[in-house]
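Below is model-v6.txt, which holds compact mmCIF, C-alpha atoms.
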# COMPACT_ATOMS: atom_id res chain seq x y z
CA MET V 1 -9.90 11.52 69.22
CA ASN V 2 -7.54 11.42 72.19
CA TYR V 3 -7.00 7.71 72.81
CA LYS V 4 -3.89 5.51 72.90
CA PHE V 5 -4.64 2.76 70.38
CA LYS V 6 -2.66 -0.46 70.35
CA THR V 7 -2.90 -0.58 66.55
CA PRO V 8 -3.42 2.76 64.80
CA PRO V 9 -6.84 3.05 63.15
CA TYR V 10 -7.33 4.00 59.52
CA LYS V 11 -9.24 7.21 58.86
CA HIS V 12 -12.53 5.36 58.15
CA GLN V 13 -12.15 3.30 61.35
CA LEU V 14 -11.52 6.42 63.41
CA LYS V 15 -14.59 8.08 61.89
CA ALA V 16 -16.77 5.04 62.74
CA LEU V 17 -15.39 5.00 66.29
CA GLU V 18 -15.95 8.72 66.80
CA LYS V 19 -19.59 8.34 65.76
CA SER V 20 -20.26 5.26 67.87
CA TRP V 21 -18.07 4.86 70.92
CA ASN V 22 -20.47 6.26 73.54
CA LYS V 23 -23.80 5.37 71.94
CA GLU V 24 -25.89 2.71 73.66
CA THR V 25 -26.73 1.08 70.32
CA TYR V 26 -24.86 1.18 67.02
CA GLY V 27 -24.41 -0.85 63.86
CA TYR V 28 -21.10 -1.19 62.04
CA PHE V 29 -22.22 -1.75 58.46
CA MET V 30 -18.78 -1.86 56.88
CA GLU V 31 -17.58 -3.77 53.87
CA MET V 32 -15.68 -7.01 54.45
CA GLY V 33 -12.02 -6.43 55.13
CA THR V 34 -12.38 -2.83 56.33
CA GLY V 35 -11.67 -3.57 59.99
CA LYS V 36 -15.00 -3.46 61.80
CA THR V 37 -13.67 -5.96 64.37
CA LYS V 38 -10.84 -3.56 65.28
CA VAL V 39 -13.34 -0.71 65.61
CA LEU V 40 -15.45 -2.78 68.01
CA ILE V 41 -12.43 -3.78 70.11
CA ASP V 42 -11.32 -0.13 70.31
CA ASN V 43 -14.89 0.79 71.28
CA MET V 44 -14.88 -1.83 74.05
CA ALA V 45 -11.50 -0.57 75.32
CA MET V 46 -12.68 3.03 75.45
CA LEU V 47 -15.83 2.14 77.36
CA TYR V 48 -13.84 -0.06 79.75
CA ASP V 49 -11.24 2.66 80.38
CA ARG V 50 -14.01 5.11 81.24
CA GLY V 51 -15.61 2.68 83.70
CA LYS V 52 -18.74 2.21 81.57
CA ILE V 53 -18.30 -1.55 81.11
CA ASP V 54 -16.37 -4.36 82.75
CA GLY V 55 -17.48 -7.14 80.42
CA ALA V 56 -18.25 -7.90 76.80
CA LEU V 57 -20.29 -10.66 75.19
CA ILE V 58 -19.20 -11.29 71.61
CA ILE V 59 -21.55 -13.49 69.58
CA ALA V 60 -20.06 -14.66 66.31
CA PRO V 61 -20.37 -17.40 63.69
CA LYS V 62 -18.72 -20.68 64.66
CA GLY V 63 -15.95 -20.26 62.10
CA VAL V 64 -14.61 -17.02 63.59
CA ILE V 65 -14.89 -17.33 67.38
CA SER V 66 -11.34 -18.68 67.65
CA THR V 67 -10.12 -15.81 65.44
CA TRP V 68 -11.70 -13.34 67.88
CA HIS V 69 -10.04 -15.09 70.83
CA ASN V 70 -6.62 -15.95 69.36
CA GLN V 71 -5.97 -13.08 66.94
CA GLU V 72 -8.26 -10.05 67.02
CA ILE V 73 -8.47 -9.37 70.75
CA PRO V 74 -4.72 -9.94 71.41
CA THR V 75 -3.83 -7.80 68.37
CA HIS V 76 -6.10 -4.80 69.04
CA LEU V 77 -7.00 -4.64 72.75
CA PRO V 78 -4.56 -2.23 74.42
CA ASP V 79 -1.95 -3.91 76.60
CA HIS V 80 -2.81 -1.82 79.66
CA ILE V 81 -6.17 -3.61 79.89
CA GLU V 82 -5.92 -6.80 81.93
CA LYS V 83 -8.41 -9.22 80.41
CA VAL V 84 -9.99 -12.59 80.89
CA ALA V 85 -11.25 -13.85 77.52
CA VAL V 86 -12.99 -17.21 77.26
CA MET V 87 -14.60 -19.03 74.35
CA TRP V 88 -17.85 -20.85 75.09
CA GLN V 89 -17.94 -24.56 74.31
CA ALA V 90 -21.08 -26.67 74.59
CA ASN V 91 -19.22 -29.73 75.90
CA ILE V 92 -17.93 -28.53 79.22
CA ASN V 93 -15.26 -30.59 80.94
CA LYS V 94 -13.51 -29.64 84.20
CA LYS V 95 -10.80 -27.62 82.43
CA GLN V 96 -13.38 -25.68 80.39
CA GLN V 97 -15.53 -25.10 83.49
CA ASP V 98 -12.51 -23.66 85.29
CA LYS V 99 -11.96 -21.23 82.38
CA LEU V 100 -15.63 -20.22 82.37
CA ASP V 101 -15.53 -19.66 86.13
CA THR V 102 -12.78 -17.04 85.68
CA LEU V 103 -15.41 -14.83 84.01
CA PHE V 104 -17.05 -14.38 87.41
CA GLU V 105 -14.00 -13.63 89.53
CA THR V 106 -14.03 -10.21 91.13
CA GLY V 107 -11.34 -7.68 90.37
CA GLU V 108 -10.43 -5.11 87.78
CA ASP V 109 -10.03 -7.46 84.80
CA PHE V 110 -12.07 -6.90 81.66
CA HIS V 111 -14.15 -10.06 81.19
CA ILE V 112 -14.86 -11.16 77.61
CA LEU V 113 -17.12 -14.08 76.71
CA ILE V 114 -17.04 -15.20 73.06
CA MET V 115 -19.93 -17.40 71.99
CA ASN V 116 -20.96 -19.13 68.80
CA VAL V 117 -24.32 -17.77 67.64
CA GLU V 118 -25.66 -21.34 67.57
CA ALA V 119 -25.06 -21.65 71.33
CA LEU V 120 -27.95 -19.25 71.81
CA SER V 121 -30.34 -21.73 70.22
CA SER V 122 -29.83 -23.87 73.32
CA GLU V 123 -31.09 -23.37 76.85
CA LYS V 124 -27.62 -24.13 78.26
CA GLY V 125 -25.89 -21.42 76.20
CA THR V 126 -28.64 -18.87 76.78
CA ARG V 127 -28.61 -19.52 80.54
CA PHE V 128 -24.84 -19.02 80.71
CA ALA V 129 -24.98 -15.80 78.66
CA THR V 130 -27.75 -14.52 80.93
CA LYS V 131 -25.63 -15.24 84.02
CA PHE V 132 -22.65 -13.45 82.45
CA LEU V 133 -24.70 -10.38 81.49
CA ASN V 134 -26.30 -10.21 84.93
CA CYS V 135 -22.87 -10.22 86.62
CA HIS V 136 -21.25 -7.46 84.55
CA LYS V 137 -21.78 -4.02 83.06
CA THR V 138 -21.55 -5.10 79.44
CA LEU V 139 -21.30 -4.37 75.79
CA MET V 140 -22.96 -7.09 73.70
CA ALA V 141 -21.98 -7.45 70.05
CA ILE V 142 -23.26 -9.65 67.24
CA ASP V 143 -20.65 -10.28 64.56
CA GLU V 144 -22.18 -11.01 61.15
CA SER V 145 -25.57 -9.92 62.47
CA THR V 146 -27.34 -11.31 59.40
CA THR V 147 -27.17 -14.65 61.26
CA ILE V 148 -30.09 -13.40 63.39
CA LYS V 149 -32.28 -12.03 60.62
CA ASN V 150 -35.19 -14.45 61.14
CA PRO V 151 -37.38 -12.94 63.90
CA LYS V 152 -39.16 -16.28 64.40
CA ALA V 153 -35.96 -18.24 65.10
CA LYS V 154 -35.31 -19.32 68.67
CA ARG V 155 -31.77 -17.93 68.70
CA THR V 156 -32.96 -14.55 67.41
CA LYS V 157 -35.57 -14.38 70.18
CA ASN V 158 -32.99 -15.41 72.77
CA ILE V 159 -30.46 -12.83 71.55
CA ILE V 160 -33.05 -10.05 71.60
CA ALA V 161 -33.99 -11.01 75.17
CA LEU V 162 -30.31 -11.06 76.18
CA SER V 163 -29.69 -7.66 74.61
CA LYS V 164 -32.02 -6.10 77.16
CA LEU V 165 -29.50 -7.08 79.87
CA SER V 166 -26.66 -5.12 78.24
CA LYS V 167 -26.27 -1.34 78.34
CA TYR V 168 -24.27 -1.15 75.11
CA ARG V 169 -25.20 -3.10 72.00
CA ARG V 170 -23.43 -3.39 68.66
CA ILE V 171 -24.08 -5.28 65.46
CA LEU V 172 -21.47 -5.83 62.78
CA THR V 173 -21.89 -6.98 59.22
CA GLY V 174 -19.96 -6.89 56.01
CA SER V 175 -22.89 -8.30 54.06
CA GLU V 176 -25.06 -6.11 51.92
CA MET V 177 -28.39 -5.35 53.52
CA GLU V 178 -31.66 -6.16 51.78
CA THR V 179 -34.17 -3.33 51.66

Representation of the structure as structure tokens:
Amino acid sequence: MNYKFKTPPYKHQLKALEKSWNKETYGYFMEMGTGKTKVLIDNMAMLYDRGKIDGALIIAPKGVISTWHNQEIPTHLPDHIEKVAVMWQANINKKQQDKLDTLFETGEDFHILIMNVEALSSEKGTRFATKFLNCHKTLMAIDESTTIKNPKAKRTKNIIALSKLSKYRRILTGSEMET
């Protein structure tokens, strides 16, 4: 694969990326600790560089959204990609609103919205995600996708509805799947 990675992928990560990078839908069912987050970030970068997306909505458990924002994206997203990455917070003050507003500024920046999966149980969070998806060509990813396994849950229904607004969709899990 001819791509300039910021952090070199392991052989299994490269294989997953080669299989998935241009597919509209894909699931990264990789054991914990094998680097599925890096694979997704590389996938986002490749799609962005080819003009396929200009935004990404990352939905993750509450305990890891700051890791996505503060560690994973800065570590793995190539430096040549100018980005605006913002974490959603339910309690929006002026400073937070200003950060959220940067997701809608025009330009060449890659816009990344990171939301807690619980935010999509609320009308406020779902409305904001809808606005973001409607304003960008996006990849939408659910980290630890087992958090949306109940088809009757409000957040699951909201996430499924939101996924229809995104051209590229990914799920990630390190949990064993029940059959």

Taking (-12.2, -11.9, 67.8) in the file's own coordinates, collect the residues within 9 Å, counting only C-alpha atoms, and hand them back as a list in words.
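Residues close enough to count: Thr37, Lys38, Ile41, Ile58, Ala60, Val64, Ile65, Ser66, Thr67, Trp68, His69, Asn70, Gln71, Glu72, Ile73, Pro74 and Ile114 of chain V.
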
Could those selected residues go to a file with C-alpha atoms, as a short mmCIF file (atom, residue, chain, number, x, y, z; two decimals), keeping the file's coordinate frame?
data_model
loop_
_atom_site.label_atom_id
_atom_site.label_comp_id
_atom_site.auth_asym_id
_atom_site.auth_seq_id
_atom_site.Cartn_x
_atom_site.Cartn_y
_atom_site.Cartn_z
CA THR V 37 -13.67 -5.96 64.37
CA LYS V 38 -10.84 -3.56 65.28
CA ILE V 41 -12.43 -3.78 70.11
CA ILE V 58 -19.20 -11.29 71.61
CA ALA V 60 -20.06 -14.66 66.31
CA VAL V 64 -14.61 -17.02 63.59
CA ILE V 65 -14.89 -17.33 67.38
CA SER V 66 -11.34 -18.68 67.65
CA THR V 67 -10.12 -15.81 65.44
CA TRP V 68 -11.70 -13.34 67.88
CA HIS V 69 -10.04 -15.09 70.83
CA ASN V 70 -6.62 -15.95 69.36
CA GLN V 71 -5.97 -13.08 66.94
CA GLU V 72 -8.26 -10.05 67.02
CA ILE V 73 -8.47 -9.37 70.75
CA PRO V 74 -4.72 -9.94 71.41
CA ILE V 114 -17.04 -15.20 73.06
#

For Gly27 in chain V, which residue among V:Val86, V:Val117, V:Ile81, V:Met140 is the nearest when counting only C-alpha atoms?
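Of V:Val86, V:Val117, V:Ile81, V:Met140, the one nearest Gly27 in chain V, counting only C-alpha atoms, is V:Met140.
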
Taking only residues of range 33-73 of chain V that have an atom at most 12 Å from an atom of range 17-26 of chain V, what is each one's shortest atom pair and its distance in Å to one decimal, using all atoms listed in the file, in chain and number order, as a tab-separated table?
residue	atom	partner	partner_atom	distance
V:Gly35	CA	V:Leu17	CA	11.3
V:Lys36	CA	V:Leu17	CA	9.6
V:Thr37	CA	V:Leu17	CA	11.3
V:Lys38	CA	V:Leu17	CA	9.7
V:Val39	CA	V:Leu17	CA	6.1
V:Leu40	CA	V:Leu17	CA	8.0
V:Ile41	CA	V:Leu17	CA	10.0
V:Asp42	CA	V:Leu17	CA	7.7
V:Asn43	CA	V:Trp21	CA	5.2
V:Met44	CA	V:Trp21	CA	8.0
V:Ala45	CA	V:Trp21	CA	9.6
V:Met46	CA	V:Trp21	CA	7.3
V:Leu47	CA	V:Asn22	CA	7.3
V:Tyr48	CA	V:Trp21	CA	11.0
V:Asp49	CA	V:Trp21	CA	11.9
V:Arg50	CA	V:Asn22	CA	10.1
V:Gly51	CA	V:Asn22	CA	11.8
V:Lys52	CA	V:Asn22	CA	9.2
V:Ile53	CA	V:Asn22	CA	11.1

Residues within 12 Å of Phe128 in chain V, all atoms listed in the file, excluding chain neighbours under 3 positions, as a PDB file with C-alpha atoms, in the coordinates of the input:
ATOM      1  CA  LEU V  57     -20.290 -10.660  75.190  1.00  0.00           C
ATOM      2  CA  TRP V  88     -17.850 -20.850  75.090  1.00  0.00           C
ATOM      3  CA  GLN V  89     -17.940 -24.560  74.310  1.00  0.00           C
ATOM      4  CA  ALA V  90     -21.080 -26.670  74.590  1.00  0.00           C
ATOM      5  CA  ILE V  92     -17.930 -28.530  79.220  1.00  0.00           C
ATOM      6  CA  GLN V  97     -15.530 -25.100  83.490  1.00  0.00           C
ATOM      7  CA  LEU V 100     -15.630 -20.220  82.370  1.00  0.00           C
ATOM      8  CA  ASP V 101     -15.530 -19.660  86.130  1.00  0.00           C
ATOM      9  CA  LEU V 103     -15.410 -14.830  84.010  1.00  0.00           C
ATOM     10  CA  PHE V 104     -17.050 -14.380  87.410  1.00  0.00           C
ATOM     11  CA  LEU V 113     -17.120 -14.080  76.710  1.00  0.00           C
ATOM     12  CA  ILE V 114     -17.040 -15.200  73.060  1.00  0.00           C
ATOM     13  CA  MET V 115     -19.930 -17.400  71.990  1.00  0.00           C
ATOM     14  CA  ALA V 119     -25.060 -21.650  71.330  1.00  0.00           C
ATOM     15  CA  LEU V 120     -27.950 -19.250  71.810  1.00  0.00           C
ATOM     16  CA  SER V 122     -29.830 -23.870  73.320  1.00  0.00           C
ATOM     17  CA  GLU V 123     -31.090 -23.370  76.850  1.00  0.00           C
ATOM     18  CA  LYS V 124     -27.620 -24.130  78.260  1.00  0.00           C
ATOM     19  CA  GLY V 125     -25.890 -21.420  76.200  1.00  0.00           C
ATOM     20  CA  LYS V 131     -25.630 -15.240  84.020  1.00  0.00           C
ATOM     21  CA  PHE V 132     -22.650 -13.450  82.450  1.00  0.00           C
ATOM     22  CA  LEU V 133     -24.700 -10.380  81.490  1.00  0.00           C
ATOM     23  CA  ASN V 134     -26.300 -10.210  84.930  1.00  0.00           C
ATOM     24  CA  CYS V 135     -22.870 -10.220  86.620  1.00  0.00           C
ATOM     25  CA  ASN V 158     -32.990 -15.410  72.770  1.00  0.00           C
ATOM     26  CA  LEU V 162     -30.310 -11.060  76.180  1.00  0.00           C
TER      27      LEU V 162
END

Length of the CA of Arg170 in chain V to CA of Ile142 in chain V vector [Å]
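Interatomic distance, CA of Arg170 in chain V to CA of Ile142 in chain V: 6.4 Å.
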
What does the distance between CA of Lys83 in chain V and CA of Thr106 in chain V come to in Å, to one decimal place?
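Computed distance, CA of Lys83 in chain V to CA of Thr106 in chain V, equals 12.1 Å.
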
Tell me which protein, DNA and RNA residues are within 8 Å of Phe5 in chain V, counting only C-alpha atoms, leaving out same-chain ones fewer than 4 positions away, and put them as a list in words.
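Result of the neighbour search: Pro9, Asp42, His76 and Pro78 of chain V.
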
Could you tell me how far CA of Lys152 in chain V sits from CA of Met87 in chain V, in Å to one decimal place?
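CA of Met87 in chain V sits 26.6 Å away from CA of Lys152 in chain V.
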
Between V:Lys62, V:His12, V:Arg169, V:His136, which one has atoms that come closest to His111 in chain V, using all atoms listed in the file?
V:His136

Selected residue of minimal separation from Asp109 in chain V among V:Asp54, V:Ser121, V:Asn2, V:Phe29, counting all atoms listed in the file:
V:Asp54

Test item: axis-aligned box, all listed atoms of range 46-63 of chain V, 5 Å on each side, centre and edges in Å rounded to one decimal, as AutoDock Vina command-line options:
--center_x -16.4 --center_y -7.8 --center_z 72.9 --size_x 20.3 --size_y 35.8 --size_z 31.6

Restricting the calculation to only C-alpha atoms, which member of V:Thr156, V:Asn150, V:Asn93, V:Thr130 is positioned closest to Glu118 in chain V?
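Nearest to Glu118 in chain V: V:Thr156.
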
Have a look at V:Ala141, V:Ala153, V:Ile171, V:Ile160 and name the one nearest to Ile59 in chain V; count all atoms listed in the file.
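Nearest candidate to Ile59 in chain V out of V:Ala141, V:Ala153, V:Ile171, V:Ile160: V:Ala141.
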
Output range 97-109 of chain V with N, CA, C and O atoms present, as a PDB file, keeping the file's coordinate frame.
ATOM      1  N   GLN V  97     -14.747 -25.711  82.410  1.00  0.00           N
ATOM      2  CA  GLN V  97     -15.530 -25.100  83.490  1.00  0.00           C
ATOM      3  C   GLN V  97     -14.669 -24.144  84.308  1.00  0.00           C
ATOM      4  O   GLN V  97     -15.118 -23.056  84.677  1.00  0.00           O
ATOM      5  N   ASP V  98     -13.436 -24.533  84.554  1.00  0.00           N
ATOM      6  CA  ASP V  98     -12.510 -23.660  85.290  1.00  0.00           C
ATOM      7  C   ASP V  98     -12.280 -22.354  84.533  1.00  0.00           C
ATOM      8  O   ASP V  98     -12.237 -21.278  85.138  1.00  0.00           O
ATOM      9  N   LYS V  99     -12.128 -22.438  83.208  1.00  0.00           N
ATOM     10  CA  LYS V  99     -11.960 -21.230  82.380  1.00  0.00           C
ATOM     11  C   LYS V  99     -13.204 -20.362  82.457  1.00  0.00           C
ATOM     12  O   LYS V  99     -13.114 -19.148  82.633  1.00  0.00           O
ATOM     13  N   LEU V 100     -14.379 -20.979  82.308  1.00  0.00           N
ATOM     14  CA  LEU V 100     -15.630 -20.220  82.370  1.00  0.00           C
ATOM     15  C   LEU V 100     -15.811 -19.551  83.720  1.00  0.00           C
ATOM     16  O   LEU V 100     -16.290 -18.413  83.803  1.00  0.00           O
ATOM     17  N   ASP V 101     -15.401 -20.221  84.782  1.00  0.00           N
ATOM     18  CA  ASP V 101     -15.530 -19.660  86.130  1.00  0.00           C
ATOM     19  C   ASP V 101     -14.705 -18.388  86.311  1.00  0.00           C
ATOM     20  O   ASP V 101     -15.065 -17.525  87.110  1.00  0.00           O
ATOM     21  N   THR V 102     -13.604 -18.251  85.559  1.00  0.00           N
ATOM     22  CA  THR V 102     -12.780 -17.040  85.680  1.00  0.00           C
ATOM     23  C   THR V 102     -13.544 -15.793  85.241  1.00  0.00           C
ATOM     24  O   THR V 102     -13.184 -14.682  85.622  1.00  0.00           O
ATOM     25  N   LEU V 103     -14.603 -15.972  84.460  1.00  0.00           N
ATOM     26  CA  LEU V 103     -15.410 -14.830  84.010  1.00  0.00           C
ATOM     27  C   LEU V 103     -16.197 -14.194  85.156  1.00  0.00           C
ATOM     28  O   LEU V 103     -16.733 -13.098  85.007  1.00  0.00           O
ATOM     29  N   PHE V 104     -16.261 -14.873  86.296  1.00  0.00           N
ATOM     30  CA  PHE V 104     -17.050 -14.380  87.410  1.00  0.00           C
ATOM     31  C   PHE V 104     -16.195 -14.005  88.620  1.00  0.00           C
ATOM     32  O   PHE V 104     -16.724 -13.673  89.675  1.00  0.00           O
ATOM     33  N   GLU V 105     -14.879 -14.038  88.454  1.00  0.00           N
ATOM     34  CA  GLU V 105     -14.000 -13.630  89.530  1.00  0.00           C
ATOM     35  C   GLU V 105     -14.038 -12.122  89.666  1.00  0.00           C
ATOM     36  O   GLU V 105     -14.129 -11.400  88.678  1.00  0.00           O
ATOM     37  N   THR V 106     -13.992 -11.649  90.912  1.00  0.00           N
ATOM     38  CA  THR V 106     -14.030 -10.210  91.130  1.00  0.00           C
ATOM     39  C   THR V 106     -12.646  -9.626  90.886  1.00  0.00           C
ATOM     40  O   THR V 106     -11.638 -10.333  90.916  1.00  0.00           O
ATOM     41  N   GLY V 107     -12.605  -8.358  90.631  1.00  0.00           N
ATOM     42  CA  GLY V 107     -11.340  -7.680  90.370  1.00  0.00           C
ATOM     43  C   GLY V 107     -11.526  -6.654  89.279  1.00  0.00           C
ATOM     44  O   GLY V 107     -12.647  -6.301  88.904  1.00  0.00           O
ATOM     45  N   GLU V 108     -10.419  -6.182  88.781  1.00  0.00           N
ATOM     46  CA  GLU V 108     -10.430  -5.110  87.780  1.00  0.00           C
ATOM     47  C   GLU V 108     -10.352  -5.616  86.341  1.00  0.00           C
ATOM     48  O   GLU V 108     -10.422  -4.836  85.410  1.00  0.00           O
ATOM     49  N   ASP V 109     -10.179  -6.924  86.151  1.00  0.00           N
ATOM     50  CA  ASP V 109     -10.030  -7.460  84.800  1.00  0.00           C
ATOM     51  C   ASP V 109     -11.263  -7.195  83.945  1.00  0.00           C
ATOM     52  O   ASP V 109     -12.390  -7.154  84.439  1.00  0.00           O
TER      53      ASP V 109
END
